[in-house]
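Asker: Contents of input.txt (compact mmCIF, C-alpha atoms) are below:
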# COMPACT_ATOMS: atom_id res chain seq x y z
CA MET A 51 -26.52 -41.23 22.09
CA ALA A 52 -29.17 -38.83 23.35
CA LEU A 53 -28.91 -35.28 22.03
CA ARG A 54 -28.61 -33.96 25.60
CA ASP A 55 -25.61 -36.17 26.32
CA PHE A 56 -23.97 -35.36 23.00
CA ALA A 57 -24.36 -31.65 23.75
CA LEU A 58 -22.83 -32.21 27.20
CA LEU A 59 -19.84 -34.01 25.71
CA ALA A 60 -19.41 -31.26 23.12
CA LEU A 61 -19.45 -28.69 25.95
CA VAL A 62 -16.81 -30.67 27.88
CA CYS A 63 -14.58 -30.83 24.80
CA LEU A 64 -15.04 -27.10 24.27
CA LEU A 65 -14.04 -26.44 27.89
CA TRP A 66 -10.89 -28.56 27.46
CA ALA A 67 -10.05 -26.70 24.25
CA ALA A 68 -10.66 -23.31 25.88
CA ASN A 69 -8.38 -24.34 28.72
CA ASN A 70 -5.53 -24.80 26.23
CA ILE A 71 -6.05 -21.25 24.99
CA VAL A 72 -6.34 -19.84 28.51
CA SER A 73 -3.19 -21.67 29.62
CA LYS A 74 -1.32 -20.33 26.59
CA TYR A 75 -2.37 -16.81 27.54
CA VAL A 76 -1.30 -17.27 31.18
CA VAL A 77 2.20 -18.67 30.57
CA ALA A 78 3.08 -16.89 27.31
CA TYR A 79 1.44 -13.48 27.64
CA LEU A 80 1.04 -12.99 31.40
CA HIS A 81 4.44 -14.71 31.84
CA ALA A 82 3.28 -16.79 34.78
CA PRO A 83 5.78 -19.44 35.92
CA PRO A 84 4.31 -22.65 34.42
CA LEU A 85 5.15 -24.92 37.36
CA PHE A 86 3.65 -22.44 39.82
CA TYR A 87 0.56 -22.13 37.64
CA ALA A 88 0.17 -25.93 37.57
CA ALA A 89 0.71 -26.17 41.34
CA VAL A 90 -2.00 -23.60 42.10
CA ARG A 91 -4.35 -25.32 39.66
CA PHE A 92 -4.00 -28.69 41.38
CA ALA A 93 -4.25 -27.08 44.81
CA ILE A 94 -7.63 -25.64 43.83
CA VAL A 95 -8.75 -29.06 42.62
CA ALA A 96 -7.61 -30.70 45.87
CA VAL A 97 -9.44 -28.16 48.02
CA ALA A 98 -12.62 -28.36 45.94
CA VAL A 99 -12.89 -32.15 46.28
CA SER A 100 -11.15 -32.54 49.65
CA PRO A 101 -14.04 -34.55 51.19
CA TRP A 102 -12.99 -37.42 48.91
CA LEU A 103 -9.47 -37.58 50.40
CA ARG A 104 -10.57 -40.15 52.97
CA ASN A 105 -9.43 -43.74 52.59
CA PRO A 106 -6.81 -43.40 49.82
CA PRO A 107 -7.02 -45.99 47.03
CA LYS A 108 -4.68 -48.96 47.28
CA PRO A 109 -1.95 -49.73 46.53
CA PHE A 110 -0.90 -46.25 47.60
CA TRP A 111 2.48 -46.45 45.84
CA ARG A 112 0.70 -46.97 42.53
CA LEU A 113 -1.57 -44.01 43.26
CA ILE A 114 1.52 -41.85 43.79
CA LEU A 115 3.00 -42.94 40.45
CA VAL A 116 -0.28 -42.36 38.62
CA ALA A 117 -0.67 -38.93 40.19
CA LEU A 118 2.87 -37.90 39.28
CA CYS A 119 2.44 -39.13 35.70
CA MET A 120 -1.10 -38.03 34.83
CA GLY A 121 -1.08 -34.98 37.06
CA ALA A 122 2.14 -33.19 37.95
CA GLY A 123 4.33 -34.51 35.15
CA SER A 124 1.87 -34.36 32.27
CA PHE A 125 0.45 -30.92 33.04
CA ALA A 126 3.81 -29.39 33.93
CA PHE A 127 5.26 -30.33 30.54
CA VAL A 128 2.18 -29.05 28.69
CA PHE A 129 2.29 -25.68 30.44
CA MET A 130 6.01 -25.38 29.73
CA ALA A 131 5.34 -26.28 26.09
CA LEU A 132 2.72 -23.56 25.74
CA LYS A 133 5.30 -20.87 26.50
CA THR A 134 6.72 -21.33 22.98
CA ALA A 135 4.40 -23.68 21.06
CA SER A 136 1.01 -22.77 19.66
CA PRO A 137 -2.12 -24.35 21.16
CA SER A 138 -2.93 -25.86 17.74
CA SER A 139 0.39 -27.68 17.42
CA VAL A 140 0.20 -28.79 21.06
CA ALA A 141 -3.29 -30.20 20.48
CA ILE A 142 -2.14 -32.21 17.47
CA VAL A 143 1.12 -33.57 18.88
CA SER A 144 -0.59 -34.47 22.17
CA GLN A 145 -2.61 -37.06 20.22
CA LEU A 146 0.52 -39.21 20.49
CA MET A 147 -0.84 -40.17 23.91
CA VAL A 148 -3.28 -42.60 22.27
CA PRO A 149 -0.71 -44.73 20.39
CA MET A 150 1.71 -44.45 23.32
CA THR A 151 -0.95 -45.86 25.64
CA THR A 152 -1.57 -48.68 23.16
CA VAL A 153 2.13 -49.57 22.95
CA LEU A 154 2.67 -49.34 26.73
CA SER A 155 -0.38 -51.53 27.32
CA PHE A 156 1.21 -54.10 25.03
CA LEU A 157 4.61 -53.90 26.75
CA ILE A 158 3.41 -53.72 30.36
CA LEU A 159 0.00 -55.38 30.40
CA ARG A 160 0.60 -57.73 27.46
CA GLU A 161 -2.52 -56.53 25.70
CA ARG A 162 -2.99 -57.56 22.08
CA LEU A 163 -1.54 -55.22 19.44
CA SER A 164 -3.31 -55.79 16.13
CA ARG A 165 -2.20 -54.76 12.65
CA ARG A 166 -5.01 -52.24 12.52
CA ARG A 167 -3.74 -50.52 15.64
CA LEU A 168 -0.18 -50.61 14.34
CA PHE A 169 -1.45 -48.84 11.23
CA GLY A 170 -3.23 -46.27 13.41
CA ILE A 171 -0.04 -45.73 15.43
CA ALA A 172 1.92 -45.15 12.22
CA LEU A 173 -0.64 -42.61 10.99
CA THR A 174 -0.66 -40.71 14.28
CA LEU A 175 3.13 -40.59 14.33
CA LEU A 176 3.18 -39.40 10.70
CA GLY A 177 0.70 -36.64 11.52
CA ALA A 178 2.71 -35.48 14.55
CA LEU A 179 5.92 -35.45 12.52
CA ALA A 180 4.20 -33.41 9.81
CA VAL A 181 3.31 -30.76 12.38
CA MET A 182 6.95 -30.56 13.53
CA TRP A 183 8.23 -30.46 9.95
CA ASP A 184 9.77 -27.27 8.66
CA PRO A 185 10.04 -26.31 4.94
CA HIS A 186 13.81 -26.18 5.44
CA GLY A 187 13.99 -29.55 7.17
CA PHE A 188 12.97 -31.30 10.36
CA LYS A 189 12.72 -28.80 13.18
CA ILE A 190 13.08 -30.04 16.74
CA SER A 191 10.97 -27.66 18.79
CA GLN A 192 11.66 -27.70 22.50
CA GLY A 193 8.03 -26.86 23.17
CA LEU A 194 6.73 -29.79 21.12
CA LEU A 195 9.28 -32.11 22.72
CA PHE A 196 7.72 -31.13 26.04
CA VAL A 197 4.36 -32.18 24.57
CA VAL A 198 5.82 -35.57 23.63
CA ALA A 199 7.10 -35.96 27.21
CA SER A 200 3.67 -34.97 28.54
CA ALA A 201 1.96 -37.52 26.29
CA PHE A 202 4.32 -40.27 27.42
CA LEU A 203 3.76 -39.57 31.12
CA GLY A 204 0.00 -39.36 30.62
CA SER A 205 0.06 -42.67 28.77
CA LEU A 206 2.18 -44.36 31.45
CA GLY A 207 -0.17 -43.06 34.13
CA ALA A 208 -3.21 -44.37 32.26
CA VAL A 209 -1.65 -47.83 31.95
CA LEU A 210 -0.65 -47.90 35.63
CA MET A 211 -4.15 -46.83 36.61
CA LYS A 212 -5.56 -49.99 35.03
CA GLY A 213 -4.11 -51.91 37.97
CA MET A 214 -6.24 -49.94 40.45
CA GLU A 215 -9.79 -51.08 41.10
CA GLY A 216 -12.72 -49.39 42.80
CA VAL A 217 -11.37 -45.84 42.52
CA LYS A 218 -14.14 -43.25 42.30
CA PRO A 219 -13.57 -40.33 39.89
CA LEU A 220 -13.74 -37.58 42.51
CA GLN A 221 -11.59 -39.62 44.88
CA PHE A 222 -9.00 -39.99 42.14
CA GLN A 223 -9.11 -36.28 41.31
CA ALA A 224 -8.71 -35.36 44.98
CA TRP A 225 -5.57 -37.44 45.48
CA VAL A 226 -4.06 -36.48 42.13
CA GLY A 227 -4.71 -32.83 42.97
CA LEU A 228 -3.14 -33.07 46.43
CA LEU A 229 -0.06 -35.06 45.43
CA SER A 230 0.52 -33.02 42.27
CA ALA A 231 0.19 -29.72 44.14
CA LEU A 232 2.78 -30.82 46.71
CA VAL A 233 5.30 -32.03 44.13
CA LEU A 234 4.84 -29.05 41.80
CA SER A 235 5.15 -26.58 44.70
CA VAL A 236 8.56 -28.02 45.56
CA LEU A 237 9.69 -28.07 41.92
CA SER A 238 8.51 -24.50 41.41
CA ALA A 239 10.38 -23.32 44.50
CA VAL A 240 13.58 -24.95 43.24
CA LEU A 241 13.36 -24.33 39.48
CA GLU A 242 11.41 -21.05 39.45
CA PRO A 243 13.03 -18.71 41.99
CA GLY A 244 10.65 -15.94 42.98
CA ALA A 245 7.64 -17.69 41.42
CA LEU A 246 5.52 -17.22 44.55
CA GLN A 247 6.15 -13.48 44.60
CA ILE A 248 5.45 -13.25 40.88
CA GLY A 249 2.22 -15.19 41.23
CA LEU A 250 0.97 -13.16 44.19
CA SER A 251 1.66 -9.93 42.32
CA MET A 252 -0.43 -10.93 39.30
CA ASP A 253 -3.80 -9.35 38.65
CA TRP A 254 -7.26 -10.91 38.47
CA GLN A 255 -6.66 -12.42 35.03
CA PHE A 256 -4.25 -15.00 36.41
CA TRP A 257 -6.50 -15.99 39.28
CA ALA A 258 -9.59 -16.11 37.07
CA ALA A 259 -7.69 -18.40 34.69
CA VAL A 260 -6.48 -20.75 37.41
CA VAL A 261 -9.96 -20.98 38.97
CA PHE A 262 -11.45 -21.69 35.54
CA SER A 263 -8.83 -24.38 34.89
CA GLY A 264 -9.17 -25.98 38.32
CA LEU A 265 -12.89 -25.80 39.06
CA VAL A 266 -14.70 -25.50 35.74
CA VAL A 267 -12.42 -27.56 33.49
CA SER A 268 -11.04 -30.18 35.87
CA VAL A 269 -13.69 -30.72 38.54
CA CYS A 270 -16.85 -29.99 36.53
CA GLY A 271 -15.61 -31.04 33.08
CA HIS A 272 -13.95 -34.28 34.10
CA THR A 273 -16.81 -35.26 36.40
CA ALA A 274 -19.29 -34.83 33.54
CA TYR A 275 -17.00 -36.83 31.26
CA TYR A 276 -16.73 -39.69 33.76
CA GLY A 277 -20.51 -39.74 34.00
CA LEU A 278 -20.81 -40.12 30.24
CA ILE A 279 -18.25 -42.92 30.27
CA GLN A 280 -20.44 -44.76 32.77
CA ARG A 281 -23.54 -44.42 30.57
CA TYR A 282 -22.00 -45.13 27.17
CA ASP A 283 -19.42 -47.46 25.70
CA ALA A 284 -15.93 -46.00 25.85
CA ASN A 285 -15.41 -46.85 22.18
CA LEU A 286 -18.17 -44.38 21.33
CA ILE A 287 -17.08 -41.64 23.74
CA SER A 288 -13.35 -41.73 22.98
CA PRO A 289 -13.61 -40.92 19.25
CA LEU A 290 -16.02 -38.08 20.01
CA THR A 291 -13.39 -36.46 22.23
CA LEU A 292 -11.52 -35.68 19.02
CA MET A 293 -13.70 -32.57 19.12
CA THR A 294 -11.17 -31.23 21.65
CA PRO A 295 -8.14 -30.89 19.32
CA LEU A 296 -10.41 -29.67 16.51
CA ALA A 297 -11.88 -27.00 18.78
CA THR A 298 -8.41 -26.09 20.04
CA ILE A 299 -7.20 -25.57 16.48
CA ALA A 300 -10.20 -23.41 15.67
CA LEU A 301 -9.86 -21.31 18.83
CA GLY A 302 -6.11 -21.04 18.36
CA VAL A 303 -6.47 -19.69 14.83
CA VAL A 304 -9.15 -17.19 15.87
CA ILE A 305 -7.87 -16.06 19.29
CA THR A 306 -4.10 -16.56 19.43
CA ASN A 307 -3.50 -16.24 15.66
CA ASP A 308 -1.96 -19.70 15.36
CA PRO A 309 -0.46 -20.38 11.93
CA PHE A 310 -2.46 -23.08 10.17
CA ASP A 311 -1.30 -23.93 6.68
CA GLY A 312 -1.58 -26.97 4.45
CA ARG A 313 1.13 -28.81 6.38
CA MET A 314 -0.71 -28.32 9.67
CA ALA A 315 -4.00 -29.36 8.08
CA PHE A 316 -2.41 -32.52 6.69
CA GLY A 317 -0.77 -33.37 10.02
CA ALA A 318 -4.00 -32.81 11.94
CA ALA A 319 -6.09 -34.91 9.55
CA VAL A 320 -3.62 -37.81 9.49
CA ALA A 321 -3.01 -37.80 13.27
CA LEU A 322 -6.72 -37.68 14.12
CA ALA A 323 -7.44 -40.43 11.60
CA GLY A 324 -4.81 -42.58 13.27
CA VAL A 325 -6.34 -41.94 16.69
CA LEU A 326 -9.77 -42.86 15.37
CA ILE A 327 -8.46 -46.15 13.94
CA ILE A 328 -6.79 -47.03 17.25
CA ALA A 329 -9.81 -46.12 19.38
CA MET A 330 -12.47 -47.97 17.42
CA ARG A 331 -12.97 -51.58 16.46
CA PRO A 332 -13.77 -52.27 12.80
CA ASN A 333 -17.36 -53.29 13.49
CA GLN A 334 -17.95 -50.16 15.58
CA ILE A 335 -17.16 -47.60 12.91
CA MET A 336 -20.55 -47.98 11.25
CA LEU A 337 -22.22 -48.07 14.66
CA PHE A 338 -20.41 -44.85 15.53
CA VAL A 339 -21.67 -43.14 12.36
CA TYR A 340 -25.16 -44.58 12.90
CA ALA A 341 -25.24 -43.25 16.47
CA LEU A 342 -24.28 -39.77 15.32
CA ARG A 343 -26.91 -39.73 12.57
CA ASN A 344 -29.64 -40.93 14.91
CA ARG A 345 -28.74 -39.15 18.13
CA THR A 346 -31.76 -36.85 17.75
CA SER A 347 -34.17 -39.77 17.42
CA ARG A 348 -33.79 -40.79 21.06
CA SER A 349 -35.47 -38.75 23.74
CA PRO A 350 -33.45 -37.86 26.85
CA LYS A 351 -33.99 -40.18 29.76
What do you get writing this file as structure tokens?
Answerer:
Amino acid sequence: MALRDFALLALVCLLWAANNIVSKYVVAYLHAPPLFYAAVRFAIVAVAVSPWLRNPPKPFWRLILVALCMGAGSFAFVFMALKTASPSSVAIVSQLMVPMTTVLSFLILRERLSRRRLFGIALTLLGALAVMWDPHGFKISQGLLFVVASAFLGSLGAVLMKGMEGVKPLQFQAWVGLLSALVLSVLSAVLEPGALQIGLSMDWQFWAAVVFSGLVVSVCGHTAYYGLIQRYDANLISPLTLMTPLATIALGVVITNDPFDGRMAFGAAVALAGVLIIAMRPNQIMLFVYALRNRTSRSPK
């Protein structure tokens, strides 16, 4: 991988990590209604890429399901989780999306499930459980349960999306943004009475955060990521995105004073190791290491 592209991917992962911290600040410290915050975020995305709303991808019913899973459902649960859970714990537990996608692909698409991937699934689950473990026993955190729900919906959406062909990234973002904004607006009006008035009364910090999340993180960040996926093998890019939870943990400890003890360190290491095992084929691990060691030897194209 060229150094320029590696730096771009690192920047994208840093933006995603920073978005977790910003979202935590918005819903936990500014006390913004999470569903309203998510609705405004997706509305900004839809407006920004509205030219790509022409000719919706088919089948349209599948697009609706994917949008509700990967967009409205997944983000709504994450924002609700961040009201009580730390960004670090959310980043670790959200790694369950990788083994969930693997299992759902096996159940729905009949994809092969090898022993290596089963081992990776077990490690990821062990790491997530370690994060939710309390010295006095297993602690069921409502916030982290929301993260599990978010991971499941994101995984289901990813599997359903595999049945859609010829969908351009910005076209997909436009329709997910529009459909998610509509659904979340209705849910916010029903479940968060007065959310609109609360949101309109907030100062510039809220609006700066939602513009950052919608334009910089989603439109710019995801577009750059899709471009990298087109230039490089997904089995190289996917493991490198583990920089996102690592950066989230680091930013959470520094900015939001997230607790990070030996138990959290163990859970993070085990979960990320499991994700790495699932994402990579055995013969690609050495290639992955080789590419990292030699990324500076290739000049940018």
Asker: Can you work out which one of A:Leu59, A:Ser124, A:Ile248, A:Leu132 has the shortest atom-to-atom distance to Thr273 of chain A, counting only C-alpha atoms?
Answerer: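 Among the listed residues, A:Leu59 lies closest to Thr273 of chain A.
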Asker: So that I can see what lies close to Gly207 of chain A, please list as a ChimeraX atom specification the residues with an atom at most 8 Å from it, counting all atoms listed in the file and leaving out residues fewer than 6 positions away in the same chain.
Answerer: /A:115-120
Asker: Atom CA of Glu242 of chain A to atom CA of Gly121 of chain A: how many Å, to one decimal?
Answerer: 18.9 Å
Asker: Can you work out which one of A:Lys212, A:Arg91, A:Lys74, A:Arg104 has the shortest atom-to-atom distance to Val260 of chain A, counting all atoms listed in the file?
Answerer: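 When distances to Val260 of chain A are compared using all atoms listed in the file, the smallest one comes from A:Arg91.
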Asker: Atom CA of Ile327 of chain A and atom CA of Gly170 of chain A are how many Å apart?
Answerer: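 Computing it gives 5.3 Å between the two atoms.
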Asker: To one decimal in Å, tell me the separation between atom CA of Gly123 of chain A and atom CA of Ser100 of chain A.
Answerer: 21.3 Å
Asker: For Ser205 of chain A, work out the shell of residues within 10 Å, counting all atoms listed in the file and skipping chain neighbours fewer than 3 positions away, then give it as a PyMOL selection string.
Answerer: chain A and resi 116+119-120+124+146-155+199-202+208-211
Asker: What lies within 10 Å of Pro101 of chain A using all atoms listed in the file, ignoring chain neighbours under 2 positions off, as a list in words?
Answerer: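 Skipping anything fewer than 2 positions along the chain leaves Ala96, Val97, Ala98, Val99, Leu103, Arg104, Leu220, Gln221 and Ala224 of chain A.
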Asker: For each of A:Ala78, A:Ile94, A:Leu113, A:Ala319, take the minimum atom-to-atom distance to Ser136 of chain A, counting all atoms listed in the file, then give the residue where this is smallest.
Answerer: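 Nearest to Ser136 of chain A: A:Ala78.
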Asker: From the set A:Leu250, A:Leu206, A:Met182, A:Leu176, which residue has the shortest atom-to-atom contact distance to Ala135 of chain A, counting all atoms listed in the file?
Answerer: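 Closest candidate: A:Met182.
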Asker: Considering only C-alpha atoms, can you say which of A:Arg281, A:His272, A:Lys218, A:Arg313 comes closest to Cys63 of chain A?
Answerer: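 Nearest candidate to Cys63 of chain A out of A:Arg281, A:His272, A:Lys218, A:Arg313: A:His272.
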Asker: With distances taken over all atoms listed in the file, which residue among A:Pro106, A:Ile171, A:Leu159, A:Ala89 lies nearest Ile328 of chain A?
Answerer: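 That would be A:Ile171, the residue with the smallest distance to Ile328 of chain A.
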Asker: Using all atoms listed in the file, can you list as a JSON list (two decimals) with C-alpha atoms, keeping the file's coordinate frame the residues within 10 Å of (-3.0, -25.6, 44.6)?
Answerer:
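Final file, part_22.json:
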[["chain", "number", "residue", "atom", "x", "y", "z"],
["A", 86, "PHE", "CA", 3.65, -22.44, 39.82],
["A", 87, "TYR", "CA", 0.56, -22.13, 37.64],
["A", 88, "ALA", "CA", 0.17, -25.93, 37.57],
["A", 89, "ALA", "CA", 0.71, -26.17, 41.34],
["A", 90, "VAL", "CA", -2.00, -23.60, 42.10],
["A", 91, "ARG", "CA", -4.35, -25.32, 39.66],
["A", 92, "PHE", "CA", -4.00, -28.69, 41.38],
["A", 93, "ALA", "CA", -4.25, -27.08, 44.81],
["A", 94, "ILE", "CA", -7.63, -25.64, 43.83],
["A", 95, "VAL", "CA", -8.75, -29.06, 42.62],
["A", 96, "ALA", "CA", -7.61, -30.70, 45.87],
["A", 97, "VAL", "CA", -9.44, -28.16, 48.02],
["A", 227, "GLY", "CA", -4.71, -32.83, 42.97],
["A", 228, "LEU", "CA", -3.14, -33.07, 46.43],
["A", 229, "LEU", "CA", -0.06, -35.06, 45.43],
["A", 230, "SER", "CA", 0.52, -33.02, 42.27],
["A", 231, "ALA", "CA", 0.19, -29.72, 44.14],
["A", 232, "LEU", "CA", 2.78, -30.82, 46.71],
["A", 234, "LEU", "CA", 4.84, -29.05, 41.80],
["A", 235, "SER", "CA", 5.15, -26.58, 44.70],
["A", 260, "VAL", "CA", -6.48, -20.75, 37.41],
["A", 264, "GLY", "CA", -9.17, -25.98, 38.32]]
